[in-house]
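Visitor: Take this structure, written in structure tokens, and hold onto it; I'll ask about it next.
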Amino acid sequence: MHVLVIGGAGYIGSHVVKNLLKNNFQVSVFDNLSTGKKINFFDKADYIIGDILNKEELDAAMARNVDAVILLAAKKAVGESMETPELYAQNNICGTVNVLNSMCKHNVKKLVFSSSAAVYGSPVYLPVDEKHPLNPISFYGFTKYDMEKYFEWYDQLKGIKFVSLRYFNAVGYDENGDVRGLEDNPQNLLPIVMEAANGTRSGLKIFGNDYDTRDGTCIRDYIHVSDLATAHTKALSYLNTSSESQILNLGTATGITVLEMIKKTEELTGKKISYEFAPRRAGDPAVITASAQKARDILGWKATHSDLNNIILSTWNVYKE
Ligand code: UD1
């Protein structure tokens, strides 16, 4: 099976590519290298430098006898999406529509999509399952919500079958050190904590310590990228044998606070991490954790790399250099 991995040179995408190659898929990667990195390239994959906002480049990639698409390319910072929604509308919404239309043109009928816990907004019950109401409170979350609606229509009207994977908080690095690209100017918690630990930055701000949680800081469900990667491979296998589209949470149902993440990183790395409390960040729910029972039932997937020690140590392994 020939898979076009769009955004396959990025942080999550390169872990997905590694897992696909290990499972003997033929892999072509399409990436504009805006956040993707050549250091994340694998010898056994083909790389096409191109942008989902450029329809000609996309069509040329899709014309290479592609059987399925994995779409990861997107902008992904909650805070930034509230300040510059136009970037998110353009990249996430227009870019994804281009991908869908190119799939239609080239008769590609299978899609695995990077969705997000951000589609749920502030949970009304925990852990959140896929039946939970969708009420995104960030523009980033809205773009993912919106795309899922497009997929449902393209499924009905054009027969594109999809698995939308709602990642909770993606963290960690390949345990064998096969993915080493660091994100530039990261916006997510763990890489920022790592940069504070290795001295790249002097410290970090904790956005809000007055939430109704055990230590006042937000609780998130952190899931290792190698576990996310496995789910993509299983989703492709699923689409080969089933004609029903699916939307699936990927998480652990375990919640960790921002302060717990910092303290555990200090303990495991032996580094002191400076932080200060700052106002709440717009678009942040206090707590969100996932039920991934549906992914277990449908894909036979379960997180096996997402223990907190492993998350922190595999990330530090890359950041300590
Ligand atoms: C959100 C999505 C997640 C998505 C990710 C993509 C939700 C619930 N989750 O994660 O599905 O994959 O965006 O980026 O919407 N924090 C600080 N200081 C910092 C950075 C972060 O205190 O410098 C805090 C945040 O306020 C938050 C937690 O750390 O409470 C995690 O933040 P972050 O890593 O940005 O991810 P989410 O926004 O939770």
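So you can find residues: chains in the structure tokens are A, B, ... in the order shown, residues in each start at 1, and ligands are numbered from 1 in order.
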Got a sec to check which residues lie within 8 Å of ligand 1, using only C-alpha atoms and all ligand atoms, and send them as a ChimeraX atom specification?
Guide: /A:76-79,115-122,138,140-141,166-170,187-190,192-193,204-208,217-220,257-258,280-281,283-288
Visitor: Taking the DSSP secondary structure from the backbone, can you list the residues of stretch 74-269 of chain A that are helix (DSSP H, G or I), as number ranges by chain?
Guide: A: 78-83, 85-105, 117-119, 139-158, 189-198, 225-241, 258-269
Visitor: When you count only C-alpha atoms, which of these residues is closest to A:Ile52: A:Ala303, A:Val179, A:Ala73, A:Ala231?
Guide: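 Of A:Ala303, A:Val179, A:Ala73, A:Ala231, the one nearest A:Ile52 is A:Ala73, counting only C-alpha atoms.
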Visitor: Please give the complete set of residues from stretch 84-312 of chain A that DSSP, run on the backbone, assigns to strand (DSSP E or B), formatted as JSON, numbers by chain.
Guide: {"A": [110, 111, 112, 113, 114, 115, 116, 128, 161, 162, 163, 164, 165, 166, 167, 169, 170, 171, 204, 205, 206, 207, 219, 220, 222, 223, 224, 246, 247, 248, 249, 250, 256, 257, 275, 276, 277, 278, 287, 290]}
Visitor: Using N, CA and C atoms, can you export the residues from the last selection as a short mmCIF file (atom, residue, chain, number, x, y, z; two decimals), in the first residue's frame?
Guide:
data_model
loop_
_atom_site.label_atom_id
_atom_site.label_comp_id
_atom_site.auth_asym_id
_atom_site.auth_seq_id
_atom_site.Cartn_x
_atom_site.Cartn_y
_atom_site.Cartn_z
N LYS A 110 -9.07 6.86 0.78
CA LYS A 110 -8.80 6.54 2.20
C LYS A 110 -7.99 7.66 2.83
N LEU A 111 -8.45 8.11 3.99
CA LEU A 111 -7.80 9.23 4.66
C LEU A 111 -7.70 8.98 6.16
N VAL A 112 -6.50 9.21 6.70
CA VAL A 112 -6.33 9.23 8.16
C VAL A 112 -5.93 10.65 8.52
N PHE A 113 -6.62 11.22 9.50
CA PHE A 113 -6.49 12.65 9.78
C PHE A 113 -6.06 12.89 11.23
N SER A 114 -5.19 13.89 11.41
CA SER A 114 -4.78 14.34 12.74
C SER A 114 -5.80 15.30 13.29
N SER A 115 -6.68 14.81 14.13
CA SER A 115 -7.60 15.72 14.80
C SER A 115 -7.11 15.94 16.23
N SER A 116 -7.94 16.54 17.06
CA SER A 116 -7.44 16.98 18.35
C SER A 116 -8.51 16.94 19.42
N VAL A 128 -13.33 12.11 28.57
CA VAL A 128 -14.14 12.47 27.41
C VAL A 128 -14.17 11.31 26.42
N LYS A 161 -13.44 7.44 2.64
CA LYS A 161 -13.57 6.86 3.98
C LYS A 161 -12.42 7.39 4.83
N PHE A 162 -12.74 7.78 6.05
CA PHE A 162 -11.71 8.41 6.86
C PHE A 162 -11.67 7.85 8.28
N VAL A 163 -10.52 7.94 8.89
CA VAL A 163 -10.39 7.75 10.34
C VAL A 163 -9.80 9.04 10.87
N SER A 164 -10.56 9.74 11.70
CA SER A 164 -10.07 10.97 12.30
C SER A 164 -9.60 10.64 13.71
N LEU A 165 -8.33 10.89 13.96
CA LEU A 165 -7.73 10.54 15.24
C LEU A 165 -7.62 11.80 16.09
N ARG A 166 -8.37 11.81 17.17
CA ARG A 166 -8.34 12.99 18.05
C ARG A 166 -7.26 12.79 19.09
N TYR A 167 -6.09 13.38 18.78
CA TYR A 167 -4.97 13.26 19.71
C TYR A 167 -5.27 14.10 20.94
N ASN A 169 -2.70 15.19 24.30
CA ASN A 169 -1.47 16.01 24.20
C ASN A 169 -0.27 15.17 23.77
N ALA A 170 0.16 15.40 22.53
CA ALA A 170 1.25 14.60 21.95
C ALA A 170 2.59 15.01 22.56
N VAL A 171 3.32 14.03 23.04
CA VAL A 171 4.62 14.28 23.69
C VAL A 171 5.56 13.10 23.42
N LEU A 204 10.03 29.29 32.30
CA LEU A 204 8.75 29.32 31.59
C LEU A 204 7.67 29.93 32.46
N LYS A 205 6.60 30.28 31.78
CA LYS A 205 5.42 30.79 32.47
C LYS A 205 4.40 29.67 32.58
N ILE A 206 3.80 29.55 33.74
CA ILE A 206 2.67 28.62 33.88
C ILE A 206 1.40 29.44 33.74
N PHE A 207 0.60 29.06 32.74
CA PHE A 207 -0.59 29.86 32.43
C PHE A 207 -1.74 29.49 33.36
N ILE A 219 -4.82 20.32 33.92
CA ILE A 219 -4.57 18.88 33.78
C ILE A 219 -4.78 18.47 32.33
N ARG A 220 -3.80 17.72 31.80
CA ARG A 220 -3.88 17.22 30.42
C ARG A 220 -3.53 15.73 30.38
N TYR A 222 -1.38 13.25 28.49
CA TYR A 222 -0.21 13.27 27.61
C TYR A 222 -0.01 11.88 26.99
N ILE A 223 0.09 11.87 25.67
CA ILE A 223 0.17 10.61 24.94
C ILE A 223 1.45 10.60 24.10
N HIS A 224 2.21 9.50 24.20
CA HIS A 224 3.50 9.42 23.50
C HIS A 224 3.29 9.35 21.99
N GLN A 246 -14.52 6.48 10.85
CA GLN A 246 -14.47 6.47 12.32
C GLN A 246 -13.83 7.74 12.84
N ILE A 247 -14.28 8.15 14.03
CA ILE A 247 -13.63 9.23 14.77
C ILE A 247 -13.22 8.64 16.12
N LEU A 248 -11.93 8.72 16.44
CA LEU A 248 -11.41 8.00 17.62
C LEU A 248 -10.52 8.89 18.47
N ASN A 249 -10.73 8.86 19.77
CA ASN A 249 -9.82 9.52 20.71
C ASN A 249 -8.55 8.71 20.88
N LEU A 250 -7.42 9.40 21.03
CA LEU A 250 -6.17 8.73 21.39
C LEU A 250 -5.61 9.41 22.63
N ILE A 256 -2.29 14.77 34.10
CA ILE A 256 -1.09 15.28 34.77
C ILE A 256 -1.19 16.80 34.79
N THR A 257 -0.83 17.42 35.90
CA THR A 257 -0.89 18.88 35.96
C THR A 257 0.41 19.47 35.38
N TYR A 275 10.26 28.75 36.90
CA TYR A 275 8.95 29.09 36.34
C TYR A 275 8.32 30.19 37.16
N GLU A 276 7.38 30.87 36.51
CA GLU A 276 6.57 31.84 37.26
C GLU A 276 5.13 31.66 36.84
N PHE A 277 4.22 32.05 37.74
CA PHE A 277 2.81 31.95 37.41
C PHE A 277 2.38 33.17 36.62
N ALA A 278 1.59 32.93 35.58
CA ALA A 278 1.13 34.01 34.70
C ALA A 278 -0.38 33.85 34.55
N VAL A 287 -9.31 20.99 32.74
CA VAL A 287 -8.96 19.56 32.76
C VAL A 287 -9.49 18.91 31.50
N ALA A 290 -8.89 11.62 28.18
CA ALA A 290 -9.58 10.89 27.11
C ALA A 290 -10.00 9.49 27.53
#
Visitor: Excluding stretch 31-46 of chain A and residues on its chain fewer than 6 positions from it, collect all residues at most 9 Å away from it, counting only C-alpha atoms, and give them as a PyMOL selection string.
Guide: chain A and resi 5-11+13-15+17-18+21+52+73+178-184
Visitor: From the set A:Ala229, A:Leu239, A:Met194, A:Ile273, which residue has the shortest atom-to-atom contact distance to A:Ala68, counting only C-alpha atoms?
Guide: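 Looking at the shortest contact to A:Ala68, the residue is A:Leu239.
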Visitor: Neighbours of A:Glu57 within 12 Å (only C-alpha atoms; same-chain residues fewer than 4 positions away dropped), as a list in words?
Guide: Ile6, Phe30, Asp31, Asn32, Ile48, Ile49, Gly50, Asp51, Ile52, Leu53, Ala61, Met62, Ala63, Arg64, Asn98, Val99 and Ser102 of chain A
Visitor: So which residues touch A:Asn92 within 9 Å, counting only C-alpha atoms, skipping near sequence neighbours fewer than 4 positions away, as JSON, numbers by chain?
Guide: {"A": [73, 74, 75, 76, 87, 88, 96, 97, 140, 143, 144, 147]}
Visitor: Please write the residues from the selection above to a file, keeping N, CA, C and O atoms, as a PDB file, in the first residue's frame.
Guide:
ATOM      1  N   ALA A  73      -0.333  17.783   8.208  1.00  0.00           N
ATOM      2  CA  ALA A  73       0.116  19.170   8.040  1.00  0.00           C
ATOM      3  C   ALA A  73      -0.939  20.136   8.570  1.00  0.00           C
ATOM      4  O   ALA A  73      -2.082  20.125   8.118  1.00  0.00           O
ATOM      5  N   ALA A  74      -0.553  20.941   9.531  1.00  0.00           N
ATOM      6  CA  ALA A  74      -1.479  21.926  10.100  1.00  0.00           C
ATOM      7  C   ALA A  74      -0.719  22.834  11.048  1.00  0.00           C
ATOM      8  O   ALA A  74       0.373  22.473  11.512  1.00  0.00           O
ATOM      9  N   LYS A  75      -1.320  23.965  11.338  1.00  0.00           N
ATOM     10  CA  LYS A  75      -0.795  24.776  12.420  1.00  0.00           C
ATOM     11  C   LYS A  75      -1.452  24.301  13.707  1.00  0.00           C
ATOM     12  O   LYS A  75      -2.595  23.889  13.700  1.00  0.00           O
ATOM     13  N   LYS A  76      -0.711  24.351  14.820  1.00  0.00           N
ATOM     14  CA  LYS A  76      -1.213  23.627  15.986  1.00  0.00           C
ATOM     15  C   LYS A  76      -1.019  24.288  17.346  1.00  0.00           C
ATOM     16  O   LYS A  76      -0.977  23.589  18.370  1.00  0.00           O
ATOM     17  N   LEU A  87      -4.345  32.699   9.943  1.00  0.00           N
ATOM     18  CA  LEU A  87      -3.334  31.685   9.586  1.00  0.00           C
ATOM     19  C   LEU A  87      -3.904  30.275   9.704  1.00  0.00           C
ATOM     20  O   LEU A  87      -3.595  29.393   8.907  1.00  0.00           O
ATOM     21  N   TYR A  88      -4.733  30.096  10.718  1.00  0.00           N
ATOM     22  CA  TYR A  88      -5.308  28.771  10.982  1.00  0.00           C
ATOM     23  C   TYR A  88      -6.410  28.454   9.976  1.00  0.00           C
ATOM     24  O   TYR A  88      -6.560  27.308   9.552  1.00  0.00           O
ATOM     25  N   THR A  96      -6.738  21.757   4.046  1.00  0.00           N
ATOM     26  CA  THR A  96      -7.384  20.436   4.091  1.00  0.00           C
ATOM     27  C   THR A  96      -8.394  20.283   2.959  1.00  0.00           C
ATOM     28  O   THR A  96      -8.513  19.206   2.364  1.00  0.00           O
ATOM     29  N   VAL A  97      -9.115  21.342   2.636  1.00  0.00           N
ATOM     30  CA  VAL A  97     -10.054  21.272   1.499  1.00  0.00           C
ATOM     31  C   VAL A  97      -9.272  20.968   0.216  1.00  0.00           C
ATOM     32  O   VAL A  97      -9.696  20.141  -0.604  1.00  0.00           O
ATOM     33  N   TYR A 140      -8.083  27.079  16.951  1.00  0.00           N
ATOM     34  CA  TYR A 140      -7.407  25.841  16.525  1.00  0.00           C
ATOM     35  C   TYR A 140      -8.375  24.661  16.612  1.00  0.00           C
ATOM     36  O   TYR A 140      -8.536  23.890  15.651  1.00  0.00           O
ATOM     37  N   THR A 143     -10.953  24.653  13.937  1.00  0.00           N
ATOM     38  CA  THR A 143     -10.534  24.214  12.595  1.00  0.00           C
ATOM     39  C   THR A 143     -10.594  22.682  12.495  1.00  0.00           C
ATOM     40  O   THR A 143     -10.988  22.135  11.464  1.00  0.00           O
ATOM     41  N   LYS A 144     -10.216  21.994  13.573  1.00  0.00           N
ATOM     42  CA  LYS A 144     -10.250  20.519  13.541  1.00  0.00           C
ATOM     43  C   LYS A 144     -11.697  20.014  13.513  1.00  0.00           C
ATOM     44  O   LYS A 144     -12.036  19.068  12.790  1.00  0.00           O
ATOM     45  N   MET A 147     -13.077  20.516  10.024  1.00  0.00           N
ATOM     46  CA  MET A 147     -12.572  19.542   9.051  1.00  0.00           C
ATOM     47  C   MET A 147     -13.300  18.215   9.176  1.00  0.00           C
ATOM     48  O   MET A 147     -13.611  17.572   8.173  1.00  0.00           O
TER      49      MET A 147
END
Visitor: Taking into account only C-alpha atoms, which residue in the set A:Leu72, A:Ala196, A:Cys94, A:Ile298 is nearest to A:Trp316?
Guide: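 The answer is A:Ala196, which sits nearest to A:Trp316.
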Visitor: Which residue gives the smallest distance to A:Arg201 among A:Thr269, A:Ser274, A:Ser81, A:Asn65, with only C-alpha atoms counted?
Guide: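 Among the listed residues, the smallest separation from A:Arg201 belongs to A:Ser274.
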Visitor: Out of A:Phe151, A:Asn185, A:Val318, A:Pro279, which residue has the shortest atom-to-atom distance to A:Tyr211 when counting only C-alpha atoms?
Guide: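 Distance minimum relative to A:Tyr211 lands on A:Pro279.
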Visitor: Just the number, please: distance in Å from atom CA of A:Lys131 to atom CA of A:Ser291, one decimal.
Guide: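 Computing it gives 10.5 Å between the two atoms.
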Visitor: Show me a table, sorted first by chain and then by increasing residue number, of the residues of stretch 216-237 of chain A having an atom at most 12 Å from stretch 22-27 of chain A, each with its shortest atom pair and the distance in Å to one decimal, counting only C-alpha atoms and written as a Markdown table.
Guide:
| residue | atom | partner | partner_atom | distance |
| --- | --- | --- | --- | --- |
| A:Ala229 | CA | A:Lys22 | CA | 11.1 |
| A:Thr230 | CA | A:Asn23 | CA | 9.8 |
| A:His232 | CA | A:Asn23 | CA | 11.3 |
| A:Thr233 | CA | A:Asn23 | CA | 7.8 |
| A:Lys234 | CA | A:Asn23 | CA | 10.0 |
| A:Leu236 | CA | A:Phe25 | CA | 9.9 |
| A:Ser237 | CA | A:Phe25 | CA | 10.5 |
Visitor: Need the shell around A:Asp67: protein/DNA/RNA residues with any atom at most 9 Å away, counting only C-alpha atoms. Skip same-chain ones fewer than 4 positions apart. Format as an MDAnalysis selection string?
Guide: chainID A and resid 1:4 107:110
